[in-house]
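Source file: work.pdb. Holds: PDB, C-alpha atoms.
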ATOM      1  CA  MET S   1     -17.980 -25.685   0.517  1.00  0.00           C
ATOM      2  CA  LEU S   2     -16.630 -23.660   3.418  1.00  0.00           C
ATOM      3  CA  GLY S   3     -17.345 -26.628   5.599  1.00  0.00           C
ATOM      4  CA  SER S   4     -15.083 -28.760   3.560  1.00  0.00           C
ATOM      5  CA  LEU S   5     -12.175 -26.283   3.799  1.00  0.00           C
ATOM      6  CA  GLY S   6      -9.584 -26.754   6.417  1.00  0.00           C
ATOM      7  CA  ARG S   7      -8.364 -24.122   8.763  1.00  0.00           C
ATOM      8  CA  GLY S   8      -5.290 -23.488   6.597  1.00  0.00           C
ATOM      9  CA  ASP S   9      -7.393 -22.983   3.485  1.00  0.00           C
ATOM     10  CA  LEU S  10      -9.742 -20.578   5.280  1.00  0.00           C
ATOM     11  CA  SER S  11      -6.848 -18.524   6.479  1.00  0.00           C
ATOM     12  CA  MET S  12      -5.427 -18.341   2.970  1.00  0.00           C
ATOM     13  CA  THR S  13      -8.802 -17.261   1.547  1.00  0.00           C
ATOM     14  CA  ARG S  14      -9.113 -14.467   4.032  1.00  0.00           C
ATOM     15  CA  ARG S  15      -5.624 -13.237   3.161  1.00  0.00           C
ATOM     16  CA  TRP S  16      -6.507 -13.032  -0.543  1.00  0.00           C
ATOM     17  CA  ARG S  17      -9.645 -11.095   0.223  1.00  0.00           C
ATOM     18  CA  VAL S  18      -7.646  -8.594   2.269  1.00  0.00           C
ATOM     19  CA  LEU S  19      -5.098  -8.229  -0.550  1.00  0.00           C
ATOM     20  CA  ILE S  20      -7.810  -7.722  -3.161  1.00  0.00           C
ATOM     21  CA  VAL S  21      -9.623  -5.079  -1.077  1.00  0.00           C
ATOM     22  CA  ALA S  22      -6.336  -3.295  -0.404  1.00  0.00           C
ATOM     23  CA  SER S  23      -5.437  -3.338  -4.090  1.00  0.00           C
ATOM     24  CA  VAL S  24      -8.794  -1.886  -5.079  1.00  0.00           C
ATOM     25  CA  ALA S  25      -8.412   0.831  -2.455  1.00  0.00           C
ATOM     26  CA  LEU S  26      -4.977   1.735  -3.841  1.00  0.00           C
ATOM     27  CA  VAL S  27      -6.336   1.935  -7.390  1.00  0.00           C
ATOM     28  CA  VAL S  28      -9.228   4.176  -6.353  1.00  0.00           C
ATOM     29  CA  ALA S  29      -6.899   6.402  -4.406  1.00  0.00           C
ATOM     30  CA  ALA S  30      -4.477   6.737  -7.315  1.00  0.00           C
ATOM     31  CA  TYR S  31      -7.136   7.342  -9.976  1.00  0.00           C
ATOM     32  CA  PRO S  32     -10.126   9.063  -8.379  1.00  0.00           C
ATOM     33  CA  SER S  33     -11.559  10.161 -11.733  1.00  0.00           C
ATOM     34  CA  ALA S  34     -11.579   6.610 -13.008  1.00  0.00           C
ATOM     35  CA  THR S  35     -14.569   5.749 -10.873  1.00  0.00           C
ATOM     36  CA  ALA S  36     -16.822   8.505 -12.240  1.00  0.00           C
ATOM     37  CA  PRO S  37     -15.352  10.347 -15.226  1.00  0.00           C
ATOM     38  CA  SER S  38     -16.897  13.767 -15.627  1.00  0.00           C
ATOM     39  CA  SER S  39     -16.414  13.907 -19.365  1.00  0.00           C
ATOM     40  CA  VAL S  40     -15.090  11.953 -22.277  1.00  0.00           C
ATOM     41  CA  PRO S  41     -11.767  13.298 -23.649  1.00  0.00           C
ATOM     42  CA  LEU S  42     -11.853  14.447 -27.300  1.00  0.00           C
ATOM     43  CA  SER S  43      -9.023  12.042 -28.047  1.00  0.00           C
ATOM     44  CA  TYR S  44     -11.420   9.128 -27.492  1.00  0.00           C
ATOM     45  CA  VAL S  45     -13.626  10.278 -30.387  1.00  0.00           C
ATOM     46  CA  ALA S  46     -12.713   8.465 -33.547  1.00  0.00           C
ATOM     47  CA  GLY S  47     -11.141  10.620 -36.291  1.00  0.00           C
ATOM     48  CA  ILE S  48     -10.601  13.736 -34.148  1.00  0.00           C
ATOM     49  CA  THR S  49      -7.261  14.754 -32.755  1.00  0.00           C
ATOM     50  CA  ALA S  50      -7.491  17.057 -29.821  1.00  0.00           C
ATOM     51  CA  THR S  51      -5.266  20.138 -30.120  1.00  0.00           C
ATOM     52  CA  PRO S  52      -4.643  22.076 -26.927  1.00  0.00           C
ATOM     53  CA  LEU S  53      -5.719  25.712 -27.107  1.00  0.00           C
ATOM     54  CA  PRO S  54      -3.306  28.419 -25.960  1.00  0.00           C
ATOM     55  CA  SER S  55      -3.910  29.653 -22.473  1.00  0.00           C
ATOM     56  CA  SER S  56      -4.659  33.151 -23.733  1.00  0.00           C
ATOM     57  CA  THR S  57      -5.243  34.550 -27.181  1.00  0.00           C
ATOM     58  CA  THR S  58      -4.232  38.110 -27.988  1.00  0.00           C
ATOM     59  CA  ALA S  59      -6.141  39.740 -30.788  1.00  0.00           C
ATOM     60  CA  PRO S  60      -3.734  40.824 -33.539  1.00  0.00           C
ATOM     61  CA  THR S  61      -3.038  44.519 -33.669  1.00  0.00           C
ATOM     62  CA  LEU S  62      -3.817  46.092 -37.001  1.00  0.00           C
ATOM     63  CA  ALA S  63      -0.995  48.220 -38.308  1.00  0.00           C
ATOM     64  CA  THR S  64      -2.167  51.720 -39.002  1.00  0.00           C
ATOM     65  CA  THR S  65      -0.542  53.888 -41.638  1.00  0.00           C
ATOM     66  CA  ALA S  66      -1.034  57.622 -41.568  1.00  0.00           C
ATOM     67  CA  VAL S  67      -2.836  58.771 -44.660  1.00  0.00           C
ATOM     68  CA  PRO S  68      -1.119  61.848 -46.107  1.00  0.00           C
ATOM     69  CA  ALA S  69      -3.245  64.925 -46.423  1.00  0.00           C
ATOM     70  CA  VAL S  70      -4.352  65.522 -49.961  1.00  0.00           C
ATOM     71  CA  ALA S  71      -4.448  69.129 -51.075  1.00  0.00           C
ATOM     72  CA  ALA S  72      -7.740  70.114 -52.563  1.00  0.00           C
ATOM     73  CA  SER S  73      -7.529  70.490 -56.306  1.00  0.00           C
ATOM     74  CA  PRO S  74      -8.505  73.893 -57.568  1.00  0.00           C
ATOM     75  CA  THR S  75     -11.782  73.925 -59.345  1.00  0.00           C
ATOM     76  CA  GLU S  76     -10.573  76.403 -61.884  1.00  0.00           C
ATOM     77  CA  THR S  77      -7.340  77.832 -63.166  1.00  0.00           C
ATOM     78  CA  GLN S  78      -6.533  81.157 -61.643  1.00  0.00           C
ATOM     79  CA  ILE S  79      -5.387  83.640 -64.190  1.00  0.00           C
ATOM     80  CA  SER S  80      -3.120  86.413 -62.986  1.00  0.00           C
ATOM     81  CA  PRO S  81      -4.248  89.908 -63.899  1.00  0.00           C
ATOM     82  CA  PRO S  82      -2.162  91.881 -66.391  1.00  0.00           C
ATOM     83  CA  THR S  83       0.945  93.455 -64.942  1.00  0.00           C
ATOM     84  CA  SER S  84       0.990  97.152 -64.265  1.00  0.00           C
ATOM     85  CA  ALA S  85       3.583  97.512 -66.987  1.00  0.00           C
ATOM     86  CA  GLN S  86       1.004  96.306 -69.486  1.00  0.00           C
ATOM     87  CA  THR S  87      -1.874  98.391 -68.211  1.00  0.00           C
ATOM     88  CA  GLY S  88       0.099 101.444 -67.156  1.00  0.00           C
ATOM     89  CA  SER S  89      -2.125 101.820 -64.088  1.00  0.00           C
ATOM     90  CA  THR S  90       0.068 100.966 -61.097  1.00  0.00           C
ATOM     91  CA  PRO S  91       3.817 100.840 -60.358  1.00  0.00           C
ATOM     92  CA  ALA S  92       5.856  98.153 -62.049  1.00  0.00           C
ATOM     93  CA  PRO S  93       9.463  97.018 -61.696  1.00  0.00           C
ATOM     94  CA  GLN S  94      12.454  98.919 -62.995  1.00  0.00           C
ATOM     95  CA  PRO S  95      14.555  99.390 -65.082  1.00  0.00           C
ATOM     96  CA  LEU S  96      13.541 102.539 -66.875  1.00  0.00           C
ATOM     97  CA  CYS S  97      14.616 102.982 -70.473  1.00  0.00           C
ATOM     98  CA  SER S  98      17.844 104.870 -70.987  1.00  0.00           C
ATOM     99  CA  ALA S  99      18.551 107.203 -73.892  1.00  0.00           C
ATOM    100  CA  SER S 100      20.933 104.651 -75.428  1.00  0.00           C
ATOM    101  CA  GLN S 101      18.034 102.181 -75.804  1.00  0.00           C
ATOM    102  CA  LEU S 102      15.805 104.583 -77.712  1.00  0.00           C
ATOM    103  CA  ARG S 103      15.545 106.003 -81.208  1.00  0.00           C
ATOM    104  CA  ALA S 104      12.934 108.656 -81.951  1.00  0.00           C
ATOM    105  CA  ALA S 105      11.463 110.376 -85.001  1.00  0.00           C
ATOM    106  CA  VAL S 106       9.032 113.230 -85.487  1.00  0.00           C
ATOM    107  CA  SER S 107       6.059 111.574 -87.105  1.00  0.00           C
ATOM    108  CA  VAL S 108       4.013 114.704 -87.843  1.00  0.00           C
ATOM    109  CA  TRP S 109       4.117 118.469 -87.473  1.00  0.00           C
ATOM    110  CA  THR S 110       0.977 120.555 -87.072  1.00  0.00           C
ATOM    111  CA  THR S 111       0.683 124.322 -86.917  1.00  0.00           C
ATOM    112  CA  ALA S 112      -1.683 126.785 -85.352  1.00  0.00           C
ATOM    113  CA  PRO S 113      -1.359 130.563 -84.918  1.00  0.00           C
ATOM    114  CA  GLY S 114       1.892 131.053 -83.017  1.00  0.00           C
ATOM    115  CA  VAL S 115       2.304 127.354 -82.092  1.00  0.00           C
ATOM    116  CA  THR S 116       3.881 124.321 -83.735  1.00  0.00           C
ATOM    117  CA  THR S 117       3.203 120.832 -82.408  1.00  0.00           C
ATOM    118  CA  GLY S 118       5.365 117.837 -83.084  1.00  0.00           C
ATOM    119  CA  ARG S 119       4.320 114.243 -82.466  1.00  0.00           C
ATOM    120  CA  VAL S 120       7.321 112.056 -81.621  1.00  0.00           C
ATOM    121  CA  VAL S 121       7.471 108.253 -81.575  1.00  0.00           C
ATOM    122  CA  ALA S 122      10.278 106.543 -79.647  1.00  0.00           C
ATOM    123  CA  THR S 123      11.268 102.910 -80.299  1.00  0.00           C
ATOM    124  CA  ASN S 124      13.168 100.531 -78.037  1.00  0.00           C
ATOM    125  CA  VAL S 125      16.082  99.477 -80.266  1.00  0.00           C
ATOM    126  CA  SER S 126      17.755  97.373 -77.562  1.00  0.00           C
ATOM    127  CA  THR S 127      17.314  93.652 -76.948  1.00  0.00           C
ATOM    128  CA  THR S 128      15.975  94.027 -73.408  1.00  0.00           C
ATOM    129  CA  LEU S 129      12.703  95.109 -71.849  1.00  0.00           C
ATOM    130  CA  CYS S 130      12.587  98.551 -70.230  1.00  0.00           C
ATOM    131  CA  TYR S 131       9.917 100.905 -68.917  1.00  0.00           C
ATOM    132  CA  MET S 132       8.907 104.428 -69.872  1.00  0.00           C
ATOM    133  CA  ARG S 133       7.436 106.678 -67.237  1.00  0.00           C
ATOM    134  CA  GLY S 134       6.758 110.315 -66.623  1.00  0.00           C
ATOM    135  CA  GLU S 135       7.899 113.198 -68.805  1.00  0.00           C
ATOM    136  CA  ALA S 136      11.149 114.235 -70.440  1.00  0.00           C
ATOM    137  CA  GLN S 137      12.667 117.679 -70.813  1.00  0.00           C
ATOM    138  CA  ALA S 138      11.977 118.725 -74.408  1.00  0.00           C
ATOM    139  CA  GLN S 139      14.310 120.884 -76.486  1.00  0.00           C
ATOM    140  CA  MET S 140      13.704 122.328 -79.936  1.00  0.00           C
ATOM    141  CA  VAL S 141      16.961 121.954 -81.841  1.00  0.00           C
ATOM    142  CA  ASP S 142      17.907 123.441 -85.205  1.00  0.00           C
ATOM    143  CA  GLY S 143      19.809 121.777 -88.016  1.00  0.00           C
ATOM    144  CA  VAL S 144      23.231 122.527 -86.493  1.00  0.00           C
ATOM    145  CA  GLY S 145      22.304 121.492 -82.944  1.00  0.00           C
ATOM    146  CA  HIS S 146      21.490 124.857 -81.392  1.00  0.00           C
ATOM    147  CA  VAL S 147      18.751 124.737 -78.776  1.00  0.00           C
ATOM    148  CA  LEU S 148      15.966 127.083 -79.931  1.00  0.00           C
ATOM    149  CA  ALA S 149      13.531 126.459 -77.063  1.00  0.00           C
ATOM    150  CA  ASP S 150      13.691 124.450 -73.901  1.00  0.00           C
ATOM    151  CA  SER S 151      10.924 123.232 -71.585  1.00  0.00           C
ATOM    152  CA  GLY S 152      13.369 123.421 -68.682  1.00  0.00           C
ATOM    153  CA  ALA S 153      15.130 120.879 -66.513  1.00  0.00           C
ATOM    154  CA  ALA S 154      12.173 120.810 -64.100  1.00  0.00           C
ATOM    155  CA  SER S 155      10.017 119.241 -66.826  1.00  0.00           C
ATOM    156  CA  ALA S 156      12.129 116.058 -66.729  1.00  0.00           C
ATOM    157  CA  ARG S 157      10.158 114.538 -63.907  1.00  0.00           C
ATOM    158  CA  ILE S 158       8.309 111.454 -62.657  1.00  0.00           C
ATOM    159  CA  ALA S 159       5.310 111.927 -60.405  1.00  0.00           C
ATOM    160  CA  SER S 160       4.153 109.310 -57.913  1.00  0.00           C
ATOM    161  CA  ASP S 161       0.993 108.659 -59.939  1.00  0.00           C
ATOM    162  CA  ASP S 162       2.778 108.353 -63.283  1.00  0.00           C
ATOM    163  CA  PRO S 163       2.127 104.948 -64.843  1.00  0.00           C
ATOM    164  CA  TYR S 164       4.795 102.586 -66.112  1.00  0.00           C
ATOM    165  CA  TYR S 165       4.695 101.416 -69.704  1.00  0.00           C
ATOM    166  CA  ALA S 166       6.538  98.274 -70.754  1.00  0.00           C
ATOM    167  CA  LEU S 167       8.672  98.747 -73.837  1.00  0.00           C
ATOM    168  CA  GLY S 168       9.976  95.472 -75.202  1.00  0.00           C
ATOM    169  CA  PRO S 169      12.462  95.250 -78.057  1.00  0.00           C
ATOM    170  CA  GLY S 170      10.887  96.975 -81.067  1.00  0.00           C
ATOM    171  CA  ASP S 171       7.987  98.426 -79.057  1.00  0.00           C
ATOM    172  CA  ARG S 172       7.040 102.095 -79.427  1.00  0.00           C
ATOM    173  CA  ILE S 173       5.752 104.909 -77.271  1.00  0.00           C
ATOM    174  CA  GLY S 174       4.946 108.544 -78.047  1.00  0.00           C
ATOM    175  CA  THR S 175       4.688 112.096 -76.772  1.00  0.00           C
ATOM    176  CA  THR S 176       3.920 115.555 -78.079  1.00  0.00           C
ATOM    177  CA  VAL S 177       5.903 118.772 -77.873  1.00  0.00           C
ATOM    178  CA  GLU S 178       4.730 122.317 -78.514  1.00  0.00           C
ATOM    179  CA  TRP S 179       6.881 125.353 -79.221  1.00  0.00           C
ATOM    180  CA  GLY S 180       6.011 128.869 -80.286  1.00  0.00           C
ATOM    181  CA  ASN S 181       6.491 132.627 -80.230  1.00  0.00           C
ATOM    182  CA  TRP S 182       9.317 132.623 -82.729  1.00  0.00           C
ATOM    183  CA  CYS S 183      10.517 136.173 -83.671  1.00  0.00           C
ATOM    184  CA  PRO S 184      14.167 136.015 -84.819  1.00  0.00           C
ATOM    185  CA  ARG S 185      15.016 134.977 -88.327  1.00  0.00           C
ATOM    186  CA  GLY S 186      14.232 131.425 -89.310  1.00  0.00           C
ATOM    187  CA  PRO S 187      16.426 128.683 -87.870  1.00  0.00           C
ATOM    188  CA  SER S 188      18.637 126.319 -89.796  1.00  0.00           C
ATOM    189  CA  GLN S 189      16.691 123.351 -91.040  1.00  0.00           C
ATOM    190  CA  PRO S 190      15.756 120.751 -90.178  1.00  0.00           C
ATOM    191  CA  VAL S 191      14.357 121.683 -86.794  1.00  0.00           C
ATOM    192  CA  THR S 192      13.907 118.651 -84.575  1.00  0.00           C
ATOM    193  CA  ILE S 193      13.263 117.702 -80.973  1.00  0.00           C
ATOM    194  CA  ALA S 194      15.660 116.391 -78.338  1.00  0.00           C
ATOM    195  CA  PHE S 195      14.688 114.764 -75.044  1.00  0.00           C
ATOM    196  CA  VAL S 196      16.509 114.757 -71.727  1.00  0.00           C
ATOM    197  CA  LEU S 197      15.230 111.846 -69.629  1.00  0.00           C
ATOM    198  CA  PRO S 198      14.779 112.138 -65.851  1.00  0.00           C
ATOM    199  CA  LEU S 199      17.032 110.426 -63.313  1.00  0.00           C
ATOM    200  CA  ASP S 200      20.132 111.014 -65.456  1.00  0.00           C
ATOM    201  CA  LEU S 201      19.007 108.431 -68.016  1.00  0.00           C
ATOM    202  CA  GLY S 202      20.508 110.448 -70.864  1.00  0.00           C
ATOM    203  CA  ARG S 203      19.550 112.557 -73.865  1.00  0.00           C
ATOM    204  CA  PHE S 204      18.549 111.553 -77.386  1.00  0.00           C
ATOM    205  CA  VAL S 205      17.632 113.557 -80.485  1.00  0.00           C
ATOM    206  CA  SER S 206      14.738 112.753 -82.780  1.00  0.00           C
ATOM    207  CA  SER S 207      15.188 112.555 -86.519  1.00  0.00           C
ATOM    208  CA  THR S 208      12.915 114.644 -88.711  1.00  0.00           C
ATOM    209  CA  GLY S 209      12.072 115.589 -92.262  1.00  0.00           C
ATOM    210  CA  PRO S 210      13.753 118.287 -94.330  1.00  0.00           C
ATOM    211  CA  HIS S 211      11.436 121.056 -93.226  1.00  0.00           C
ATOM    212  CA  THR S 212       9.720 122.080 -89.986  1.00  0.00           C
ATOM    213  CA  PRO S 213       7.083 124.800 -89.800  1.00  0.00           C
ATOM    214  CA  VAL S 214       8.387 127.810 -87.879  1.00  0.00           C
ATOM    215  CA  PRO S 215       5.893 129.300 -85.384  1.00  0.00           C
ATOM    216  CA  THR S 216       4.772 132.851 -85.984  1.00  0.00           C
ATOM    217  CA  CYS S 217       5.937 135.626 -83.682  1.00  0.00           C
ATOM    218  CA  THR S 218       3.409 136.902 -81.133  1.00  0.00           C
ATOM    219  CA  GLY S 219       5.353 140.000 -80.040  1.00  0.00           C
ATOM    220  CA  SER S 220       7.945 138.597 -77.624  1.00  0.00           C
ATOM    221  CA  ASP S 221      11.520 137.575 -78.196  1.00  0.00           C
ATOM    222  CA  ASP S 222      11.154 134.622 -75.811  1.00  0.00           C
ATOM    223  CA  THR S 223      10.470 131.221 -77.302  1.00  0.00           C
ATOM    224  CA  THR S 224       8.573 128.625 -75.339  1.00  0.00           C
ATOM    225  CA  ALA S 225       8.372 124.865 -75.346  1.00  0.00           C
ATOM    226  CA  SER S 226       6.319 122.349 -73.436  1.00  0.00           C
ATOM    227  CA  SER S 227       6.203 118.584 -73.374  1.00  0.00           C
ATOM    228  CA  ALA S 228       3.724 115.891 -72.352  1.00  0.00           C
ATOM    229  CA  ARG S 229       3.892 112.513 -70.663  1.00  0.00           C
ATOM    230  CA  TRP S 230       4.910 109.430 -72.615  1.00  0.00           C
ATOM    231  CA  THR S 231       1.875 107.445 -73.705  1.00  0.00           C
ATOM    232  CA  PRO S 232       1.333 104.389 -75.922  1.00  0.00           C
TER     233      PRO S 232
END

Mind turning the file's structure into structure tokens?
Amino acid sequence: MLGSLGRGDLSMTRRWRVLIVASVALVVAAYPSATAPSSVPLSYVAGITATPLPSSTTAPTLATTAVPAVAASPTETQISPPTSAQTGSTPAPQPLCSASQLRAAVSVWTTAPGVTTGRVVATNVSTTLCYMRGEAQAQMVDGVGHVLADSGAASARIASDDPYYALGPGDRIGTTVEWGNWCPRGPSQPVTIAFVLPLDLGRFVSSTGPHTPVPTCTGSDDTTASSARWTP
């Protein structure tokens, strides 16, 4: 066949070969991976669409919320001990009862040779709580108000170890008073007992019955009186 081609045809054939070789070289140079692909793209697989992954993935940060401290629940109810005003064992708050808050009456008289004892009960007639403490100055008073015997101003006192006693409205508290050695003629009746409270809290007089035993005389013209602490 080549023998039948002329010189012009042979020259043309060689030119085409050169152009084809050059074209193939250009294609290989432009697409080097086309000759030997290293892998098949996911987009070539039927039914699967390739989605590019982000260059870097940051793990989400979990939000933390501070948990408030929970106070431990008590396992049992704590019961406060009785106040000192109720027990009368240790100091309690003021105020102390004043004479204007109290009414008193002699509940009983008892006699012994030369001595008469009166038991007095005082009641809180006010509408407020107050406290009784210590001892009052006791006075034996006759029916016209004359003082027959007096325990003395020093007996109106409160010692550091004296208990407090709560006296609510209508509550009562008591004491005893002794007097004796009576020699003059009998006093005007009824004989009763007055109390002078410490700390300038006033004076009040107890009511009494129509007759009070008069102590017997023991040989002295001096009369005596003594009082005791207030107690429930």

* Distance criterion (only C-alpha atoms): nearest to Ile158 in chain S out of S:Gln137, S:Gln101, S:Thr212, S:Thr128 -> S:Gln137

Take every atom of range 206-222 of chain S listed in the file, fit an axis-aligned box around them, add 8 Å per side, and give the centre and edge lengths in Å to one decimal as lines of an AutoDock Vina configuration file.
center_x = 9.3
center_y = 126.3
center_z = -85.1
size_x = 27.8
size_y = 43.4
size_z = 34.5

Using the chain letters and numbers from the file, which residues does the PyMOL selection byres ((chain S and resi 113-119) around 9) grab, as a PDB file with C-alpha atoms, in the frame of the given file?
ATOM      1  CA  ALA S 105      11.463 110.376 -85.001  1.00  0.00           C
ATOM      2  CA  VAL S 106       9.032 113.230 -85.487  1.00  0.00           C
ATOM      3  CA  SER S 107       6.059 111.574 -87.105  1.00  0.00           C
ATOM      4  CA  VAL S 108       4.013 114.704 -87.843  1.00  0.00           C
ATOM      5  CA  TRP S 109       4.117 118.469 -87.473  1.00  0.00           C
ATOM      6  CA  THR S 110       0.977 120.555 -87.072  1.00  0.00           C
ATOM      7  CA  THR S 111       0.683 124.322 -86.917  1.00  0.00           C
ATOM      8  CA  ALA S 112      -1.683 126.785 -85.352  1.00  0.00           C
ATOM      9  CA  VAL S 120       7.321 112.056 -81.621  1.00  0.00           C
ATOM     10  CA  VAL S 121       7.471 108.253 -81.575  1.00  0.00           C
ATOM     11  CA  GLY S 174       4.946 108.544 -78.047  1.00  0.00           C
ATOM     12  CA  THR S 175       4.688 112.096 -76.772  1.00  0.00           C
ATOM     13  CA  THR S 176       3.920 115.555 -78.079  1.00  0.00           C
ATOM     14  CA  VAL S 177       5.903 118.772 -77.873  1.00  0.00           C
ATOM     15  CA  GLU S 178       4.730 122.317 -78.514  1.00  0.00           C
ATOM     16  CA  TRP S 179       6.881 125.353 -79.221  1.00  0.00           C
ATOM     17  CA  GLY S 180       6.011 128.869 -80.286  1.00  0.00           C
ATOM     18  CA  ASN S 181       6.491 132.627 -80.230  1.00  0.00           C
ATOM     19  CA  TRP S 182       9.317 132.623 -82.729  1.00  0.00           C
ATOM     20  CA  THR S 192      13.907 118.651 -84.575  1.00  0.00           C
ATOM     21  CA  ILE S 193      13.263 117.702 -80.973  1.00  0.00           C
ATOM     22  CA  THR S 212       9.720 122.080 -89.986  1.00  0.00           C
ATOM     23  CA  PRO S 213       7.083 124.800 -89.800  1.00  0.00           C
ATOM     24  CA  VAL S 214       8.387 127.810 -87.879  1.00  0.00           C
ATOM     25  CA  PRO S 215       5.893 129.300 -85.384  1.00  0.00           C
ATOM     26  CA  THR S 216       4.772 132.851 -85.984  1.00  0.00           C
ATOM     27  CA  CYS S 217       5.937 135.626 -83.682  1.00  0.00           C
ATOM     28  CA  THR S 218       3.409 136.902 -81.133  1.00  0.00           C
TER      29      THR S 218
END

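Here CA of Ser206 in chain S stands at a distance of 5.8 Å from CA of Ala194 in chain S.
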
* **Answer key for the PyMOL selection byres ((chain S and resi 168) around 8), residues as JSON, numbers by chain** => {"S": [124, 127, 128, 129, 130, 166, 167, 169, 170, 171]}

* **Residues returned when the PyMOL selection byres ((chain S and resi 199) around 12) runs on this file, as a PyMOL selection string** => chain S and resi 95-99+133-137+153-158+196-198+200-203

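CA of Ser227 in chain S sits 22.6 Å away from CA of Val125 in chain S.
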
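With all atoms listed in the file as the atoms that count, the minimum distance from Pro232 in chain S to the choices S:Met132, S:Ala122, S:Ile173, S:Leu148 is reached by S:Ile173.
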
* Could you check how far CA of Ser160 in chain S sits from CA of Thr231 in chain S, in Å to one decimal? => 16.1 Å

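Among the candidate residues S:Thr208, S:Thr123, S:Thr224, S:Ser100, the one lying nearest to Val147 in chain S is S:Thr224, with distances computed using only C-alpha atoms.
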
* With distances taken over only C-alpha atoms, which of S:Pro210, S:Arg172, S:Ala138, S:Ser126 is nearest to Asp150 in chain S? -> S:Ala138

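Shortest separation to Val191 in chain S among S:Val205, S:Ala149, S:Ala104, S:Met140 occurs at residue S:Met140, atoms counted being all atoms listed in the file.
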